[in-house]
>>> print(open('coords.cif').read())   # mmCIF, C-alpha atoms
data_work
loop_
_atom_site.label_atom_id
_atom_site.label_comp_id
_atom_site.auth_asym_id
_atom_site.auth_seq_id
_atom_site.Cartn_x
_atom_site.Cartn_y
_atom_site.Cartn_z
CA MET A 21 0.00 0.00 0.00
CA ALA A 22 2.84 2.37 0.85
CA LEU A 23 4.41 1.80 -2.58
CA VAL A 24 1.09 2.45 -4.29
CA ALA A 25 0.65 5.70 -2.36
CA LEU A 26 4.19 6.79 -3.21
CA ARG A 27 3.56 5.98 -6.88
CA GLU A 28 0.39 8.10 -6.92
CA THR A 29 2.18 10.98 -5.19
CA LEU A 30 5.00 10.92 -7.73
CA LEU A 31 2.59 10.70 -10.66
CA SER A 32 0.56 13.58 -9.22
CA ALA A 33 3.71 15.69 -9.04
CA TRP A 34 4.64 14.68 -12.59
CA TYR A 35 1.22 15.64 -14.00
CA GLY A 36 1.35 18.87 -12.00
CA ASN A 37 4.69 19.78 -13.57
CA LEU A 38 3.26 18.92 -16.97
CA GLY A 39 0.36 21.27 -16.23
CA TYR A 40 2.69 24.13 -15.37
CA LEU A 41 4.63 23.57 -18.59
CA GLY A 42 1.39 23.92 -20.52
CA LEU A 43 0.36 26.99 -18.52
CA SER A 44 3.73 28.64 -19.15
CA ARG A 45 3.45 27.83 -22.85
CA ALA A 46 0.00 29.44 -22.96
CA LEU A 47 1.14 32.61 -21.21
CA LEU A 48 4.32 32.96 -23.28
CA SER A 49 2.58 32.27 -26.60
CA PRO A 50 -0.96 33.71 -26.49
CA SER A 51 -1.22 33.32 -30.27
CA LEU A 52 -1.64 29.56 -29.70
CA GLY A 53 -5.12 30.19 -28.32
CA ASP A 54 -6.73 28.02 -25.67
CA GLU A 55 -5.14 24.69 -26.68
CA PRO A 56 -2.20 24.89 -24.21
CA LEU A 57 -4.58 25.96 -21.44
CA LEU A 58 -6.92 23.06 -22.11
CA SER A 59 -3.97 20.68 -22.11
CA ALA A 60 -2.75 22.16 -18.82
CA ARG A 61 -6.24 21.81 -17.36
CA ALA A 62 -6.27 18.10 -18.19
CA SER A 63 -2.83 17.62 -16.62
CA PHE A 64 -3.76 19.43 -13.40
CA ALA A 65 -7.03 17.47 -13.19
CA GLU A 66 -5.10 14.22 -13.51
CA ALA A 67 -2.67 15.38 -10.82
CA LEU A 68 -5.57 16.04 -8.45
CA ALA A 69 -7.27 12.76 -9.33
CA ARG A 70 -4.14 10.96 -8.12
CA GLN A 71 -3.58 13.15 -5.06
CA GLY A 72 -6.51 15.29 -4.00
CA ASP A 73 -4.49 17.44 -1.59
CA ASN A 74 -1.90 18.51 -4.18
CA ALA A 75 -2.03 22.24 -3.37
CA SER A 76 0.30 23.16 -6.21
CA ALA A 77 -1.97 21.44 -8.73
CA SER A 78 -5.05 23.13 -7.24
CA TRP A 79 -3.38 26.51 -7.62
CA GLY A 80 -2.36 25.72 -11.19
CA LEU A 81 -5.83 24.50 -12.12
CA GLY A 82 -7.37 27.68 -10.73
CA ARG A 83 -4.93 29.78 -12.74
CA VAL A 84 -5.89 27.90 -15.90
CA TYR A 85 -9.58 28.59 -15.30
CA TYR A 86 -8.78 32.24 -14.55
CA HIS A 87 -6.98 32.64 -17.87
CA LEU A 88 -9.85 30.87 -19.60
CA GLY A 89 -12.16 33.53 -18.17
CA ASP A 90 -14.02 31.16 -15.82
CA ASP A 91 -13.70 32.85 -12.42
CA ASP A 92 -16.30 30.56 -10.82
CA ALA A 93 -14.30 27.44 -11.70
CA ALA A 94 -11.09 29.16 -10.58
CA VAL A 95 -12.56 29.97 -7.17
CA GLU A 96 -13.86 26.41 -6.84
CA ALA A 97 -10.38 25.04 -7.56
CA TRP A 98 -8.86 27.36 -4.94
CA GLN A 99 -11.57 26.94 -2.31
CA GLY A 100 -10.24 25.94 1.09
CA SER A 101 -6.60 26.46 0.13
CA GLU A 102 -4.69 28.80 2.45
CA SER A 103 -1.82 28.92 -0.03
CA ALA A 104 -4.20 30.08 -2.78
CA LEU A 105 -5.50 32.82 -0.49
CA SER A 106 -2.00 34.09 0.30
CA ARG A 107 -0.93 33.87 -3.35
CA LEU A 108 -3.91 35.90 -4.51
CA LEU A 109 -3.21 38.51 -1.84
CA SER A 110 0.40 38.65 -3.04
CA SER A 111 -0.83 39.08 -6.62
CA SER A 112 -3.06 41.94 -5.51
CA ASP A 113 -0.16 43.54 -3.62
CA SER A 114 2.18 43.22 -6.62
CA ALA A 115 -0.37 44.80 -8.94
CA PHE A 116 -0.97 47.61 -6.45
CA LYS A 117 2.75 48.35 -6.12
CA SER A 118 2.99 48.41 -9.93
CA GLN A 119 0.09 50.91 -9.92
CA ASP A 120 -2.09 48.50 -11.87
CA TYR A 121 -5.03 49.29 -9.62
CA PRO A 122 -7.78 47.61 -11.70
CA LEU A 123 -5.82 44.33 -11.56
CA ALA A 124 -5.20 44.79 -7.84
CA LEU A 125 -8.96 45.20 -7.37
CA GLU A 126 -9.70 42.16 -9.54
CA MET A 127 -7.34 39.98 -7.49
CA ALA A 128 -8.77 41.28 -4.21
CA LEU A 129 -12.33 40.54 -5.38
CA LEU A 130 -11.33 36.98 -6.25
CA THR A 131 -9.71 36.59 -2.84
CA GLN A 132 -12.87 37.90 -1.18
CA ARG A 133 -14.78 34.98 -2.68
CA LEU A 134 -12.41 32.59 -0.91
CA ASP A 135 -12.67 34.30 2.48
CA PRO A 136 -15.26 37.10 2.68
CA HIS A 137 -14.60 37.69 6.39
CA SER A 138 -10.85 38.19 6.18
CA SER A 139 -9.70 41.63 7.30
CA SER A 140 -6.57 41.17 5.17
CA VAL A 141 -8.79 40.84 2.10
CA ARG A 142 -11.15 43.67 3.06
CA TYR A 143 -8.25 46.04 3.70
CA ARG A 144 -6.86 45.36 0.23
CA LEU A 145 -10.27 45.94 -1.28
CA GLY A 146 -10.34 49.28 0.51
CA GLU A 147 -6.91 50.16 -0.85
CA ALA A 148 -7.88 49.18 -4.40
CA TYR A 149 -11.17 51.10 -4.30
CA ARG A 150 -9.36 54.14 -2.91
CA ALA A 151 -6.75 53.99 -5.67
CA THR A 152 -9.44 53.71 -8.35
CA GLY A 153 -11.32 56.71 -6.93
CA GLU A 154 -14.26 54.84 -5.38
CA LEU A 155 -13.82 56.51 -2.01
CA ASP A 156 -17.16 55.60 -0.42
CA ARG A 157 -16.66 51.93 -1.24
CA ALA A 158 -13.14 52.19 0.13
CA LEU A 159 -14.49 53.47 3.45
CA GLU A 160 -16.98 50.58 3.57
CA GLU A 161 -14.25 47.99 3.05
CA TYR A 162 -11.94 49.56 5.62
CA GLU A 163 -14.83 49.47 8.10
CA ARG A 164 -15.36 45.76 7.41
CA ALA A 165 -11.66 45.14 7.96
CA LYS A 166 -11.92 46.77 11.38
CA GLU A 167 -15.19 45.02 12.23
CA TYR A 168 -13.89 41.53 11.42
CA ASN A 169 -10.40 42.12 12.90
CA THR A 170 -9.20 38.87 11.31
CA PHE A 171 -5.90 39.88 9.74
CA LEU A 172 -3.85 36.89 8.59
CA PRO A 173 -0.83 35.95 10.74
CA GLY A 174 2.32 37.48 9.31
CA ASP A 175 0.39 39.87 7.07
CA GLU A 176 1.90 43.34 6.80
CA ALA A 177 -1.64 44.74 7.05
CA ASP A 178 -2.95 45.22 10.59
CA LEU A 179 -5.59 47.20 12.46
CA ALA A 180 -3.45 50.33 12.29
CA CYS A 181 -3.66 50.07 8.49
CA TYR A 182 -7.43 50.47 8.80
CA TYR A 183 -6.98 53.85 10.46
CA PHE A 184 -4.31 54.96 7.99
CA GLY A 185 -6.47 53.87 5.05
CA GLN A 186 -9.51 55.71 6.36
CA ALA A 187 -7.36 58.77 7.01
CA THR A 188 -6.09 58.77 3.42
CA VAL A 189 -9.66 58.71 2.10
CA TYR A 190 -10.75 61.54 4.38
CA GLU A 191 -7.68 63.49 3.29
CA ALA A 192 -8.71 63.03 -0.36
CA GLN A 193 -12.19 64.26 0.60
CA ARG A 194 -10.59 67.27 2.35
CA ASN A 195 -12.15 66.26 5.64
CA TRP A 196 -9.13 67.36 7.64
CA GLU A 197 -10.59 66.77 11.10
CA ALA A 198 -11.47 63.16 10.33
CA ALA A 199 -8.15 62.59 8.56
CA ILE A 200 -6.18 63.88 11.56
CA TRP A 201 -8.22 61.78 14.01
CA HIS A 202 -7.65 58.58 12.05
CA TYR A 203 -3.95 59.19 11.45
CA GLU A 204 -3.45 59.85 15.16
CA ALA A 205 -5.51 56.77 16.12
CA GLY A 206 -3.34 54.59 13.90
CA LEU A 207 -0.14 56.12 15.26
CA LYS A 208 -1.24 55.25 18.80
CA MET A 209 -1.12 51.60 17.70
CA ARG A 210 2.24 51.78 15.94
CA GLU A 211 4.58 54.31 14.37
CA ASP A 212 4.47 54.84 10.61
CA ALA A 213 6.62 57.27 8.65
CA GLY A 214 4.02 57.80 5.95
CA ALA A 215 1.35 58.67 8.49
CA TYR A 216 3.65 61.14 10.26
CA ALA A 217 4.49 62.77 6.93
CA ALA A 218 0.85 62.97 5.84
CA LEU A 219 -0.12 64.53 9.15
CA GLY A 220 2.76 66.97 8.82
CA ARG A 221 1.57 68.08 5.40
CA ILE A 222 -1.97 68.61 6.71
CA TYR A 223 -0.73 70.74 9.61
CA GLN A 224 1.56 72.72 7.31
CA TYR A 225 -0.60 73.32 4.25
CA GLN A 226 -4.14 73.12 5.62
CA LEU A 227 -3.87 74.37 9.20
CA GLY A 228 -0.77 76.57 8.94
CA ASP A 229 0.69 75.04 12.11
CA LEU A 230 4.35 74.86 11.07
CA HIS A 231 5.63 73.95 14.53
CA THR A 232 3.52 70.80 14.76
CA ALA A 233 4.24 70.03 11.11
CA GLU A 234 7.99 70.18 11.75
CA THR A 235 7.72 67.81 14.71
CA LEU A 236 5.76 65.29 12.66
CA LEU A 237 8.03 65.49 9.61
CA LYS A 238 11.10 65.01 11.79
CA GLN A 239 9.50 61.84 13.14
CA ALA A 240 8.99 60.59 9.58
CA VAL A 241 12.62 61.30 8.72
CA GLY A 242 13.78 59.65 11.93
CA LEU A 243 11.85 56.47 11.16
CA GLU A 244 12.88 56.24 7.50
CA PRO A 245 16.00 58.35 6.93
CA ASP A 246 16.56 56.74 3.52
CA GLN A 247 13.20 57.94 2.16
CA ALA A 248 13.94 60.97 0.01
CA TRP A 249 10.38 62.33 0.04
CA TRP A 250 10.37 62.87 3.80
CA HIS A 251 13.53 65.00 3.46
CA VAL A 252 11.85 66.94 0.65
CA SER A 253 8.80 67.62 2.82
CA LEU A 254 10.90 68.79 5.76
CA GLY A 255 13.14 70.84 3.47
CA GLU A 256 10.13 72.57 1.93
CA LEU A 257 8.86 73.43 5.40
CA TYR A 258 12.22 75.02 6.27
CA LEU A 259 12.07 76.83 2.93
CA ALA A 260 8.63 78.24 3.81
CA GLU A 261 10.07 79.54 7.09
CA GLU A 262 13.11 80.98 5.30
CA ARG A 263 15.42 78.70 7.31
CA TYR A 264 17.66 78.27 4.31
CA VAL A 265 20.66 76.57 5.92
CA GLU A 266 18.46 73.78 7.30
CA ALA A 267 16.50 73.63 4.04
CA VAL A 268 19.67 73.16 1.99
CA SER A 269 20.86 70.39 4.32
CA GLU A 270 17.60 68.42 4.06
CA LEU A 271 17.20 68.93 0.33
CA GLU A 272 20.79 67.96 -0.45
CA GLU A 273 20.12 64.73 1.44
CA ALA A 274 16.96 64.23 -0.62
CA VAL A 275 18.84 64.71 -3.90
CA ALA A 276 21.57 62.32 -2.75
CA LEU A 277 18.92 59.68 -2.03
CA ASP A 278 16.93 60.31 -5.22
CA PRO A 279 18.91 62.21 -7.88
CA ASP A 280 15.95 62.01 -10.29
CA SER A 281 13.54 63.83 -7.98
CA GLU A 282 12.53 67.06 -9.72
CA ALA A 283 10.76 68.27 -6.57
CA ALA A 284 13.94 67.89 -4.53
CA GLN A 285 16.10 69.60 -7.16
CA THR A 286 13.68 72.53 -7.58
CA ALA A 287 13.34 73.09 -3.84
CA LEU A 288 17.10 72.82 -3.38
CA GLN A 289 17.73 75.54 -5.97
CA GLN A 290 15.18 77.76 -4.23
CA ALA A 291 16.89 77.18 -0.87
CA ILE A 292 20.32 77.95 -2.33
CA SER A 293 18.97 81.14 -3.90
CA GLY A 294 17.46 82.18 -0.58
CA LEU A 295 20.73 81.48 1.19
CA ARG A 296 22.63 83.69 -1.26
CA ARG A 297 20.22 86.54 -0.66
CA GLU A 298 20.93 86.58 3.07
#
>>> encode(input="coords.cif", output="structure tokens")
Amino acid sequence: MALVALRETLLSAWYGNLGYLGLSRALLSPSLGDEPLLSARASFAEALARQGDNASASWGLGRVYYHLGDDDAAVEAWQGSESALSRLLSSSDSAFKSQDYPLALEMALLTQRLDPHSSSVRYRLGEAYRATGELDRALEEYERAKEYNTFLPGDEADLACYYFGQATVYEAQRNWEAAIWHYEAGLKMREDAGAYAALGRIYQYQLGDLHTAETLLKQAVGLEPDQAWWHVSLGELYLAEERYVEAVSELEEAVALDPDSEAAQTALQQAISGLRRE
């Protein structure tokens, strides 16, 4: 019996590899049409027939159905697979970082069908809706993320992200009071350079409170000293206060970190000009 089980496991792996070869062929040569996908589907199905818990084959079969345009069959193939859930979340994250927001939303919606009560999924839906300009839907998804409070272990998203996400939406809606409240609520849970910087910009440009803005921007720089944009923000604040020596120092650091930053270069030239006038 043990030999039979080993044989089936090895054959399942072999058919799974055959399926991935067909899937790769389909993706690299779309002019071939659906034939490689159908061949891959048959191979993955055979792999699962021989070993039902072959997670790699389940993932591959779902991908085949996805590329065939059958989302229902894809979700069915992935159902109950934690690895499929994490892979779809990673796909959504990759698309988001590449600024392909429609694809990020598509991946998040597929993931939602696997686990509709996952805060990790709902947060990413909120992010995708925010990025595509659907701000009210973004707020709804962020609220669900907070309500469920079921973020996946090891996920970079957490409850603080809910507050930061909500704050970003309120900032886009120019609801400064709500934005400030949510940024500060998130920062009580954990520090975040982006949240400090966003708060600093609100205090500087919307409330005219340069002292508080400086404190917040310094915290952003302190947390992420290699992030050029935080140095630009702090340098521009010094520039607004005509503190040219400090402005030049911050903006030179920004240019050193990101030589292609036009904002840093422009502000630096303004600071140097101001310094020469003194």
>>> atom_distance(input="coords.cif", atom1="CA of Arg221 in chain A", atom2="CA of Asp175 in chain A")
28.3 Å
>>> closest_residue(input="coords.cif", among="A:Asp229, A:Gly220, A:Thr152, A:Trp196", to="Leu254 in chain A", atoms="only C-alpha atoms")
A:Gly220
>>> residues_around(input="coords.cif", residues="range 48-59 of chain A", least_positions_apart="3", cutoff="9 Å", atoms="only C-alpha atoms", output="PyMOL selection string")
chain A and resi 39+41-45+62-64+84-85+87-88
>>> residues_around(input="coords.cif", residues="Leu109 in chain A", least_positions_apart="4", cutoff="7 Å", atoms="all atoms listed in the file", output="ChimeraX atom specification")
/A:105,113,128,131
>>> residues_near_point(input="coords.cif", point="(-6.5, 38.0, 14.4)", cutoff="10 Å", atoms="all atoms listed in the file", output="VMD selection string")
chain A and resid 138 to 140 168 to 173 178 to 179
>>> residues_around(input="coords.cif", residues="Leu134 in chain A", least_positions_apart="2", cutoff="9 Å", atoms="all atoms listed in the file", output="PDB file with C-alpha atoms, in the coordinates of the input")
ATOM      1  CA  VAL A  95     -12.560  29.970  -7.170  1.00  0.00           C
ATOM      2  CA  GLU A  96     -13.860  26.410  -6.840  1.00  0.00           C
ATOM      3  CA  TRP A  98      -8.860  27.360  -4.940  1.00  0.00           C
ATOM      4  CA  GLN A  99     -11.570  26.940  -2.310  1.00  0.00           C
ATOM      5  CA  GLY A 100     -10.240  25.940   1.090  1.00  0.00           C
ATOM      6  CA  SER A 101      -6.600  26.460   0.130  1.00  0.00           C
ATOM      7  CA  ALA A 104      -4.200  30.080  -2.780  1.00  0.00           C
ATOM      8  CA  LEU A 105      -5.500  32.820  -0.490  1.00  0.00           C
ATOM      9  CA  LEU A 130     -11.330  36.980  -6.250  1.00  0.00           C
ATOM     10  CA  THR A 131      -9.710  36.590  -2.840  1.00  0.00           C
ATOM     11  CA  GLN A 132     -12.870  37.900  -1.180  1.00  0.00           C
ATOM     12  CA  PRO A 136     -15.260  37.100   2.680  1.00  0.00           C
TER      13      PRO A 136
END
>>> residues_around(input="coords.cif", residues="Ala69 in chain A", least_positions_apart="3", cutoff="12 Å", atoms="all atoms listed in the file", output="list in words")
Glu28, Thr29, Leu31, Ser32, Ala33, Tyr35, Gly36, Ala62, Ser63, Phe64, Ala65, Glu66, Gly72, Asp73, Asn74, Ala77 and Ser78 of chain A
>>> atom_distance(input="coords.cif", atom1="CA of Ala180 in chain A", atom2="CA of Glu163 in chain A")
12.2 Å
>>> atom_distance(input="coords.cif", atom1="CA of Gln186 in chain A", atom2="CA of Pro245 in chain A")
25.7 Å
>>> residues_around(input="coords.cif", residues="Glu266 in chain A", least_positions_apart="4", cutoff="12 Å", atoms="only C-alpha atoms", output="number ranges by chain")
A: 234, 251-252, 254-262, 270-273, 288, 291-292, 294-295
>>> write_last_selection(input="coords.cif", atoms="C-alpha atoms", output="PDB file, in the coordinates of the input")
ATOM      1  CA  GLU A 234       7.990  70.180  11.750  1.00  0.00           C
ATOM      2  CA  HIS A 251      13.530  65.000   3.460  1.00  0.00           C
ATOM      3  CA  VAL A 252      11.850  66.940   0.650  1.00  0.00           C
ATOM      4  CA  LEU A 254      10.900  68.790   5.760  1.00  0.00           C
ATOM      5  CA  GLY A 255      13.140  70.840   3.470  1.00  0.00           C
ATOM      6  CA  GLU A 256      10.130  72.570   1.930  1.00  0.00           C
ATOM      7  CA  LEU A 257       8.860  73.430   5.400  1.00  0.00           C
ATOM      8  CA  TYR A 258      12.220  75.020   6.270  1.00  0.00           C
ATOM      9  CA  LEU A 259      12.070  76.830   2.930  1.00  0.00           C
ATOM     10  CA  ALA A 260       8.630  78.240   3.810  1.00  0.00           C
ATOM     11  CA  GLU A 261      10.070  79.540   7.090  1.00  0.00           C
ATOM     12  CA  GLU A 262      13.110  80.980   5.300  1.00  0.00           C
ATOM     13  CA  GLU A 270      17.600  68.420   4.060  1.00  0.00           C
ATOM     14  CA  LEU A 271      17.200  68.930   0.330  1.00  0.00           C
ATOM     15  CA  GLU A 272      20.790  67.960  -0.450  1.00  0.00           C
ATOM     16  CA  GLU A 273      20.120  64.730   1.440  1.00  0.00           C
ATOM     17  CA  LEU A 288      17.100  72.820  -3.380  1.00  0.00           C
ATOM     18  CA  ALA A 291      16.890  77.180  -0.870  1.00  0.00           C
ATOM     19  CA  ILE A 292      20.320  77.950  -2.330  1.00  0.00           C
ATOM     20  CA  GLY A 294      17.460  82.180  -0.580  1.00  0.00           C
ATOM     21  CA  LEU A 295      20.730  81.480   1.190  1.00  0.00           C
TER      22      LEU A 295
END
>>> closest_residue(input="coords.cif", among="A:Tyr223, A:Ala177, A:Ala94, A:Glu298", to="Ala199 in chain A", atoms="only C-alpha atoms")
A:Tyr223
>>> resolve_selection(input="coords.cif", expression="the PyMOL selection byres ((chain A and resi 205) around 12)", output="VMD selection string")
chain A and resid 179 to 187 198 to 204 206 to 212 215 to 216 219
>>> residues_near_point(input="coords.cif", point="(-10.6, 53.6, -1.1)", cutoff="12 Å", atoms="all atoms listed in the file", output="PyMOL selection string")
chain A and resi 121+125+142-163+182+184-193
>>> resolve_selection(input="coords.cif", expression="the PyMOL selection byres ((chain A and resi 248) around 6)", output="list in words")
Gln247, Trp249, Trp250, His251, Ala274 and Leu277 of chain A
>>> closest_residue(input="coords.cif", among="A:Ser253, A:Leu47, A:Arg296, A:Asn195", to="Ala218 in chain A", atoms="all atoms listed in the file")
A:Ser253
>>> closest_residue(input="coords.cif", among="A:Ala276, A:Met127, A:Val24, A:Leu81", to="Ala67 in chain A", atoms="only C-alpha atoms")
A:Leu81
>>> closest_residue(input="coords.cif", among="A:Leu236, A:Leu38, A:Leu243, A:Asp135", to="Ser106 in chain A", atoms="all atoms listed in the file")
A:Asp135
>>> build_atoms(input="coords.cif", residues="range 207-225 of chain A", atoms="N, CA and C atoms", output="JSON list (two decimals), in the frame of the given file")
[["chain", "number", "residue", "atom", "x", "y", "z"],
["A", 207, "LEU", "N", -1.47, 55.91, 14.70],
["A", 207, "LEU", "CA", -0.14, 56.12, 15.26],
["A", 207, "LEU", "C", -0.08, 55.74, 16.74],
["A", 208, "LYS", "N", -1.22, 55.73, 17.42],
["A", 208, "LYS", "CA", -1.24, 55.25, 18.80],
["A", 208, "LYS", "C", -1.00, 53.74, 18.86],
["A", 209, "MET", "N", -1.31, 53.05, 17.75],
["A", 209, "MET", "CA", -1.12, 51.60, 17.70],
["A", 209, "MET", "C", 0.30, 51.24, 17.28],
["A", 210, "ARG", "N", 0.85, 51.99, 16.35],
["A", 210, "ARG", "CA", 2.24, 51.78, 15.94],
["A", 210, "ARG", "C", 2.70, 52.99, 15.13],
["A", 211, "GLU", "N", 4.02, 53.20, 15.13],
["A", 211, "GLU", "CA", 4.58, 54.31, 14.37],
["A", 211, "GLU", "C", 4.60, 53.97, 12.88],
["A", 212, "ASP", "N", 4.44, 55.01, 12.06],
["A", 212, "ASP", "CA", 4.47, 54.84, 10.61],
["A", 212, "ASP", "C", 4.94, 56.14, 9.98],
["A", 213, "ALA", "N", 6.03, 56.06, 9.23],
["A", 213, "ALA", "CA", 6.62, 57.27, 8.65],
["A", 213, "ALA", "C", 5.66, 57.97, 7.70],
["A", 214, "GLY", "N", 4.96, 57.19, 6.89],
["A", 214, "GLY", "CA", 4.02, 57.80, 5.95],
["A", 214, "GLY", "C", 2.90, 58.55, 6.63],
["A", 215, "ALA", "N", 2.41, 58.00, 7.75],
["A", 215, "ALA", "CA", 1.35, 58.67, 8.49],
["A", 215, "ALA", "C", 1.86, 59.96, 9.14],
["A", 216, "TYR", "N", 3.06, 59.91, 9.70],
["A", 216, "TYR", "CA", 3.65, 61.14, 10.26],
["A", 216, "TYR", "C", 3.79, 62.20, 9.18],
["A", 217, "ALA", "N", 4.28, 61.80, 8.00],
["A", 217, "ALA", "CA", 4.49, 62.77, 6.93],
["A", 217, "ALA", "C", 3.16, 63.35, 6.44],
["A", 218, "ALA", "N", 2.16, 62.49, 6.29],
["A", 218, "ALA", "CA", 0.85, 62.97, 5.84],
["A", 218, "ALA", "C", 0.25, 63.95, 6.83],
["A", 219, "LEU", "N", 0.36, 63.62, 8.12],
["A", 219, "LEU", "CA", -0.12, 64.53, 9.15],
["A", 219, "LEU", "C", 0.64, 65.86, 9.10],
["A", 220, "GLY", "N", 1.96, 65.76, 8.90],
["A", 220, "GLY", "CA", 2.76, 66.97, 8.82],
["A", 220, "GLY", "C", 2.32, 67.88, 7.68],
["A", 221, "ARG", "N", 2.02, 67.27, 6.55],
["A", 221, "ARG", "CA", 1.57, 68.08, 5.40],
["A", 221, "ARG", "C", 0.22, 68.75, 5.68],
["A", 222, "ILE", "N", -0.67, 68.01, 6.37],
["A", 222, "ILE", "CA", -1.97, 68.61, 6.71],
["A", 222, "ILE", "C", -1.77, 69.80, 7.64],
["A", 223, "TYR", "N", -0.96, 69.63, 8.67],
["A", 223, "TYR", "CA", -0.73, 70.74, 9.61],
["A", 223, "TYR", "C", -0.04, 71.92, 8.92],
["A", 224, "GLN", "N", 0.85, 71.63, 7.98],
["A", 224, "GLN", "CA", 1.56, 72.72, 7.31],
["A", 224, "GLN", "C", 0.66, 73.45, 6.31],
["A", 225, "TYR", "N", 0.08, 72.69, 5.39],
["A", 225, "TYR", "CA", -0.60, 73.32, 4.25],
["A", 225, "TYR", "C", -2.07, 73.64, 4.50]]
